[in-house]
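*Asks:* First the structure, then my questions, so here it is.
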Amino acid sequence: MKPQTLHCHTALCDGKHTPAEMAAAAFAAGCGAIGFSGHAPLPDGDDWCMPAVSVPVYRQAVLDLRERYRGQMDVFLGLEQDYFSPPAGEGWDYLIGSVHCVVKDGMVLTVDESEAAFLKAVRDCYGGNFYAFARDYFRLEAEVVKTTGCQIVGHFDLFTKFNEGNRLFDTTDPRYLGPAMEALDALLEEDVLFEINTGAISRGYRTTPYPAPVFLRRIREKGGRVAVTSDSHSADSLLFAYPQAFALAAECGFTSTVYRTQSGFTDVPLPL
Ligand SMILES: [Zn+2]
Ligand SMILES: [Zn+2]
């Protein structure tokens, strides 16, 4: 089957290119499908999200592209819901549910905005304790399916974005692994897919996808399913590091990945 991504962003939120430019790049790259997943609005209107007025524009742009590529490439209308996004309503092909921030003492602490903001949050709000921050993060992550109604869990361990090589905290420490596994086990009770997300690799933050192998193995053990996505914010990274992501899935025991087709989510055998 031709490759695809179900997670990408456009200039209507924090991406670089228009929906039409992203679709053209996907088609040129030989994709069988592209699924758009603009950041849903947040109540306090963060600049990485779509403002509410842009949502109808986004929907129409994607639906127009579906017509333009009909018979050549599937175009899906998705949305990336944050834990704190208002309900998405009906009319989406799928929702990705993601935790990007934690609210602590009334302050919104974003985990992936910048390393400086992440470090400031740990210092000012958690007395320098990364593990206390992680515990709050995974407490929200555990509920992300119930809160967003998503079909796909986005970047499960985004909390490690700036922690390549365990440079800030130790991901084997039970104070990290305990709350993370608890969240994962709660999510594995739900009928939901997990993405293997290469977005932080294309943007130079990490050398491996989310989630870490320890979590992928748990997902596999418990019969969960995974979909490889690029979380692409520009037309040149739609299929970034896919061979690496498929190899990782195979190493962690998966024999298939999930693709979206017109009839729904479908298992596709590895290796691809
Ligand atoms: Zn995200
Ligand atoms: Zn995203």
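Just remember, in the structure tokens the first chain shown is A, the second B, etc., residues are 1-based per chain, and ligands are 1-based in the order shown.
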Let's see if you can do this: from backbone DSSP, list all alpha helix (DSSP H) residues in region 6-206 of chain A, as a ChimeraX atom specification.

*Replies:* /A:19-28,54-68,115-126,130-141,144-148,174-188,199-202

*Asks:* May I have the residues within 10 Å of region 164-175 of chain A as a ChimeraX atom specification, using only C-alpha atoms and disregarding those fewer than 4 positions away in the same chain?

*Replies:* /A:119,129-132,134-135,160,179-181,205-208,212,214

*Asks:* Taking 4 positions as the minimum chain separation for residues in the same chain, which residues sit within 9 Å of Leu187 (chain A) when counting only C-alpha atoms? Answer as a ChimeraX atom specification.

*Replies:* /A:141-145,153,182-183,191-192

*Asks:* Those residues with C-alpha atoms, as an mmCIF file, in the first residue's frame please?

*Replies:*
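Saved to again_28.cif:
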```cif
data_model
loop_
_atom_site.group_PDB
_atom_site.id
_atom_site.type_symbol
_atom_site.label_atom_id
_atom_site.label_comp_id
_atom_site.auth_asym_id
_atom_site.auth_seq_id
_atom_site.Cartn_x
_atom_site.Cartn_y
_atom_site.Cartn_z
ATOM 1 C CA GLU A 141 -2.547 11.669 29.471
ATOM 2 C CA ALA A 142 -4.374 8.798 31.205
ATOM 3 C CA GLU A 143 -7.673 10.591 30.562
ATOM 4 C CA VAL A 144 -7.026 11.916 27.065
ATOM 5 C CA VAL A 145 -9.357 9.465 25.316
ATOM 6 C CA VAL A 153 -3.480 8.926 21.014
ATOM 7 C CA GLU A 182 -0.177 3.722 34.687
ATOM 8 C CA ALA A 183 -1.401 6.181 32.051
ATOM 9 C CA ASP A 191 -10.534 1.221 21.873
ATOM 10 C CA VAL A 192 -7.847 3.555 20.545
#
```

*Asks:* Just give me the gap between CA of Val102 (chain A) and CA of Leu140 (chain A) in Å, one decimal is fine.

*Replies:* 7.7 Å

*Asks:* So, with only C-alpha atoms and all ligand atoms as the atoms that count, which of A:Ala40, A:Ala245, A:Ile219, A:Val228 lies closest to ligand 1?

*Replies:* A:Ala40

*Asks:* Can you pull out every residue with an atom within 8 Å of ligand 2? Use only C-alpha atoms and all ligand atoms and format it as a PyMOL selection string.

*Replies:* chain A and resi 7-9+37-39+80+154+199+231-233

*Asks:* Residues within 12 Å of ligand 1 (only C-alpha atoms and all ligand atoms), as number ranges by chain?

*Replies:* A: 7-9, 13-15, 37-40, 48-49, 79-83, 95-101, 110-113, 152-159, 161, 195, 197-200, 210, 229-233

*Asks:* Using backbone DSSP assignments, extract all strand (DSSP E) residues from region 12-218 of chain A; output them as a PDB file with N, CA and C atoms, in the first residue's frame.

*Replies:*
```pdb
ATOM      1  N   ALA A  33      -2.727   8.532   0.831  1.00  0.00           N
ATOM      2  CA  ALA A  33      -3.668   9.345   1.605  1.00  0.00           C
ATOM      3  C   ALA A  33      -2.907  10.387   2.396  1.00  0.00           C
ATOM      4  N   ILE A  34      -3.594  11.496   2.663  1.00  0.00           N
ATOM      5  CA  ILE A  34      -3.089  12.462   3.631  1.00  0.00           C
ATOM      6  C   ILE A  34      -4.255  12.797   4.562  1.00  0.00           C
ATOM      7  N   GLY A  35      -3.960  12.766   5.854  1.00  0.00           N
ATOM      8  CA  GLY A  35      -4.958  13.168   6.837  1.00  0.00           C
ATOM      9  C   GLY A  35      -4.490  14.430   7.517  1.00  0.00           C
ATOM     10  N   PHE A  36      -5.313  15.458   7.453  1.00  0.00           N
ATOM     11  CA  PHE A  36      -4.959  16.713   8.122  1.00  0.00           C
ATOM     12  C   PHE A  36      -5.411  16.650   9.580  1.00  0.00           C
ATOM     13  N   SER A  37      -4.628  17.291  10.439  1.00  0.00           N
ATOM     14  CA  SER A  37      -4.962  17.269  11.873  1.00  0.00           C
ATOM     15  C   SER A  37      -4.574  18.607  12.504  1.00  0.00           C
ATOM     16  N   GLY A  38      -5.233  19.652  12.053  1.00  0.00           N
ATOM     17  CA  GLY A  38      -4.973  20.986  12.614  1.00  0.00           C
ATOM     18  C   GLY A  38      -5.189  21.009  14.119  1.00  0.00           C
ATOM     19  N   HIS A  39      -4.432  21.848  14.806  1.00  0.00           N
ATOM     20  CA  HIS A  39      -4.628  21.988  16.249  1.00  0.00           C
ATOM     21  C   HIS A  39      -5.972  22.638  16.538  1.00  0.00           C
ATOM     22  N   ASP A  74      -6.556   9.689  -1.145  1.00  0.00           N
ATOM     23  CA  ASP A  74      -7.589   9.998  -0.146  1.00  0.00           C
ATOM     24  C   ASP A  74      -7.156  11.185   0.704  1.00  0.00           C
ATOM     25  N   VAL A  75      -8.093  12.046   1.000  1.00  0.00           N
ATOM     26  CA  VAL A  75      -7.826  13.208   1.861  1.00  0.00           C
ATOM     27  C   VAL A  75      -8.782  13.118   3.049  1.00  0.00           C
ATOM     28  N   PHE A  76      -8.225  13.029   4.247  1.00  0.00           N
ATOM     29  CA  PHE A  76      -9.057  12.884   5.444  1.00  0.00           C
ATOM     30  C   PHE A  76      -9.036  14.160   6.273  1.00  0.00           C
ATOM     31  N   LEU A  77     -10.184  14.405   6.878  1.00  0.00           N
ATOM     32  CA  LEU A  77     -10.379  15.609   7.685  1.00  0.00           C
ATOM     33  C   LEU A  77     -10.297  15.218   9.162  1.00  0.00           C
ATOM     34  N   GLY A  78      -9.133  15.424   9.729  1.00  0.00           N
ATOM     35  CA  GLY A  78      -8.934  15.130  11.146  1.00  0.00           C
ATOM     36  C   GLY A  78      -8.726  16.407  11.932  1.00  0.00           C
ATOM     37  N   LEU A  79      -8.557  16.230  13.236  1.00  0.00           N
ATOM     38  CA  LEU A  79      -8.337  17.370  14.119  1.00  0.00           C
ATOM     39  C   LEU A  79      -7.497  16.865  15.289  1.00  0.00           C
ATOM     40  N   GLU A  80      -6.506  17.648  15.688  1.00  0.00           N
ATOM     41  CA  GLU A  80      -5.731  17.287  16.887  1.00  0.00           C
ATOM     42  C   GLU A  80      -6.304  18.051  18.065  1.00  0.00           C
ATOM     43  N   GLN A  81      -7.022  17.308  18.889  1.00  0.00           N
ATOM     44  CA  GLN A  81      -7.639  17.882  20.081  1.00  0.00           C
ATOM     45  C   GLN A  81      -6.643  17.859  21.225  1.00  0.00           C
ATOM     46  N   ASP A  82      -6.456  18.982  21.867  1.00  0.00           N
ATOM     47  CA  ASP A  82      -5.681  18.986  23.098  1.00  0.00           C
ATOM     48  C   ASP A  82      -6.596  18.559  24.255  1.00  0.00           C
ATOM     49  N   TYR A  94     -11.596  11.680  11.984  1.00  0.00           N
ATOM     50  CA  TYR A  94     -10.999  11.118  13.214  1.00  0.00           C
ATOM     51  C   TYR A  94     -10.439  12.272  14.031  1.00  0.00           C
ATOM     52  N   LEU A  95     -10.221  11.972  15.295  1.00  0.00           N
ATOM     53  CA  LEU A  95      -9.593  12.938  16.200  1.00  0.00           C
ATOM     54  C   LEU A  95      -8.317  12.318  16.763  1.00  0.00           C
ATOM     55  N   ILE A  96      -7.272  13.136  16.835  1.00  0.00           N
ATOM     56  CA  ILE A  96      -6.060  12.759  17.569  1.00  0.00           C
ATOM     57  C   ILE A  96      -6.155  13.462  18.918  1.00  0.00           C
ATOM     58  N   GLY A  97      -5.945  12.735  19.995  1.00  0.00           N
ATOM     59  CA  GLY A  97      -6.023  13.319  21.336  1.00  0.00           C
ATOM     60  C   GLY A  97      -4.629  13.461  21.924  1.00  0.00           C
ATOM     61  N   SER A  98      -4.266  14.685  22.296  1.00  0.00           N
ATOM     62  CA  SER A  98      -2.892  14.951  22.745  1.00  0.00           C
ATOM     63  C   SER A  98      -2.888  15.820  23.992  1.00  0.00           C
ATOM     64  N   CYS A 101      -0.055  20.455  27.431  1.00  0.00           N
ATOM     65  CA  CYS A 101       0.214  21.318  28.592  1.00  0.00           C
ATOM     66  C   CYS A 101      -0.479  20.795  29.836  1.00  0.00           C
ATOM     67  N   VAL A 102       0.014  21.304  30.935  1.00  0.00           N
ATOM     68  CA  VAL A 102      -0.504  20.964  32.263  1.00  0.00           C
ATOM     69  C   VAL A 102      -0.920  22.292  32.878  1.00  0.00           C
ATOM     70  N   VAL A 103      -1.979  22.272  33.672  1.00  0.00           N
ATOM     71  CA  VAL A 103      -2.327  23.490  34.413  1.00  0.00           C
ATOM     72  C   VAL A 103      -1.954  23.280  35.875  1.00  0.00           C
ATOM     73  N   LYS A 104      -1.116  24.177  36.382  1.00  0.00           N
ATOM     74  CA  LYS A 104      -0.647  24.040  37.768  1.00  0.00           C
ATOM     75  C   LYS A 104      -0.806  25.395  38.452  1.00  0.00           C
ATOM     76  N   MET A 107      -1.684  28.194  36.284  1.00  0.00           N
ATOM     77  CA  MET A 107      -0.781  28.553  35.174  1.00  0.00           C
ATOM     78  C   MET A 107      -0.755  27.428  34.144  1.00  0.00           C
ATOM     79  N   VAL A 108      -0.781  27.811  32.863  1.00  0.00           N
ATOM     80  CA  VAL A 108      -0.684  26.825  31.788  1.00  0.00           C
ATOM     81  C   VAL A 108       0.794  26.588  31.496  1.00  0.00           C
ATOM     82  N   LEU A 109       1.235  25.360  31.667  1.00  0.00           N
ATOM     83  CA  LEU A 109       2.646  25.012  31.449  1.00  0.00           C
ATOM     84  C   LEU A 109       2.728  24.106  30.232  1.00  0.00           C
ATOM     85  N   THR A 110       3.257  24.614  29.144  1.00  0.00           N
ATOM     86  CA  THR A 110       3.340  23.836  27.901  1.00  0.00           C
ATOM     87  C   THR A 110       4.624  23.006  27.931  1.00  0.00           C
ATOM     88  N   ILE A 152      -7.140   8.249  18.068  1.00  0.00           N
ATOM     89  CA  ILE A 152      -5.683   8.078  18.020  1.00  0.00           C
ATOM     90  C   ILE A 152      -5.076   8.869  19.178  1.00  0.00           C
ATOM     91  N   VAL A 153      -4.204   8.211  19.957  1.00  0.00           N
ATOM     92  CA  VAL A 153      -3.480   8.926  21.014  1.00  0.00           C
ATOM     93  C   VAL A 153      -2.224   9.540  20.389  1.00  0.00           C
ATOM     94  N   LEU A 193      -6.067   3.846  18.921  1.00  0.00           N
ATOM     95  CA  LEU A 193      -4.755   3.581  18.314  1.00  0.00           C
ATOM     96  C   LEU A 193      -3.715   4.475  18.958  1.00  0.00           C
ATOM     97  N   PHE A 194      -2.466   4.053  18.888  1.00  0.00           N
ATOM     98  CA  PHE A 194      -1.357   4.888  19.353  1.00  0.00           C
ATOM     99  C   PHE A 194      -0.511   5.255  18.147  1.00  0.00           C
ATOM    100  N   GLU A 195      -0.086   6.501  18.071  1.00  0.00           N
ATOM    101  CA  GLU A 195       0.777   6.813  16.949  1.00  0.00           C
ATOM    102  C   GLU A 195       2.239   6.552  17.309  1.00  0.00           C
ATOM    103  N   ILE A 196       3.002   6.187  16.280  1.00  0.00           N
ATOM    104  CA  ILE A 196       4.460   6.245  16.346  1.00  0.00           C
ATOM    105  C   ILE A 196       4.795   7.504  15.564  1.00  0.00           C
ATOM    106  N   ASN A 197       5.223   8.531  16.275  1.00  0.00           N
ATOM    107  CA  ASN A 197       5.250   9.905  15.754  1.00  0.00           C
ATOM    108  C   ASN A 197       6.696  10.345  15.572  1.00  0.00           C
TER     109      ASN A 197
END
```

*Asks:* Hey, what's within 7 Å of Pro41 (chain A) if we count only C-alpha atoms and toss same-chain stuff fewer than 6 positions away? As a JSON list (two decimals) with N, CA and C atoms, in the first residue's frame, please?

*Replies:*
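Okay, this is what ended up in out21.json:
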```json
[["chain", "number", "residue", "atom", "x", "y", "z"],
["A", 49, "CYS", "N", -2.46, 27.10, 18.00],
["A", 49, "CYS", "CA", -3.74, 26.48, 17.67],
["A", 49, "CYS", "C", -4.48, 27.31, 16.62],
["A", 50, "MET", "N", -5.48, 26.68, 15.99],
["A", 50, "MET", "CA", -6.35, 27.46, 15.11],
["A", 50, "MET", "C", -7.25, 28.32, 15.99],
["A", 51, "PRO", "N", -7.43, 29.59, 15.63],
["A", 51, "PRO", "CA", -8.50, 30.33, 16.28],
["A", 51, "PRO", "C", -9.84, 29.74, 15.83],
["A", 52, "ALA", "N", -10.88, 29.88, 16.64],
["A", 52, "ALA", "CA", -12.18, 29.27, 16.31],
["A", 52, "ALA", "C", -12.67, 29.71, 14.93],
["A", 85, "SER", "N", -8.92, 21.31, 24.88],
["A", 85, "SER", "CA", -9.76, 21.85, 23.81],
["A", 85, "SER", "C", -11.23, 21.64, 24.13]]
```

*Asks:* If you count only C-alpha atoms, which residues fall within 12 Å of Ser263 (chain A), apart from same-chain ones fewer than 2 positions away, as a list of chain:residue names?

*Replies:*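 Contacts, with the query itself left out: A:Asp74, A:Phe76, A:Asp93, A:Tyr259, A:Arg260, A:Thr261, A:Phe265, A:Thr266, A:Asp267.
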
*Asks:* When you count only C-alpha atoms, which of these residues is closest to Gln72 (chain A): A:Val258, A:Gly30, A:Glu115, A:Ala121?

*Replies:* A:Gly30

*Asks:* Considering only C-alpha atoms, state which residue in the set A:Val122, A:Ala249, A:Ala26, A:Ala235 is at the smallest distance from Lys2 (chain A).

*Replies:*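 The shortest atom-to-atom distance to Lys2 (chain A) comes from A:Ala26.
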
*Asks:* With only C-alpha atoms as the basis for distance, which of A:His17, A:Pro243, A:Glu251, A:Leu188 is at the shortest distance from Leu272 (chain A)?

*Replies:*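 When distances to Leu272 (chain A) are compared using only C-alpha atoms, the smallest one comes from A:Pro243.
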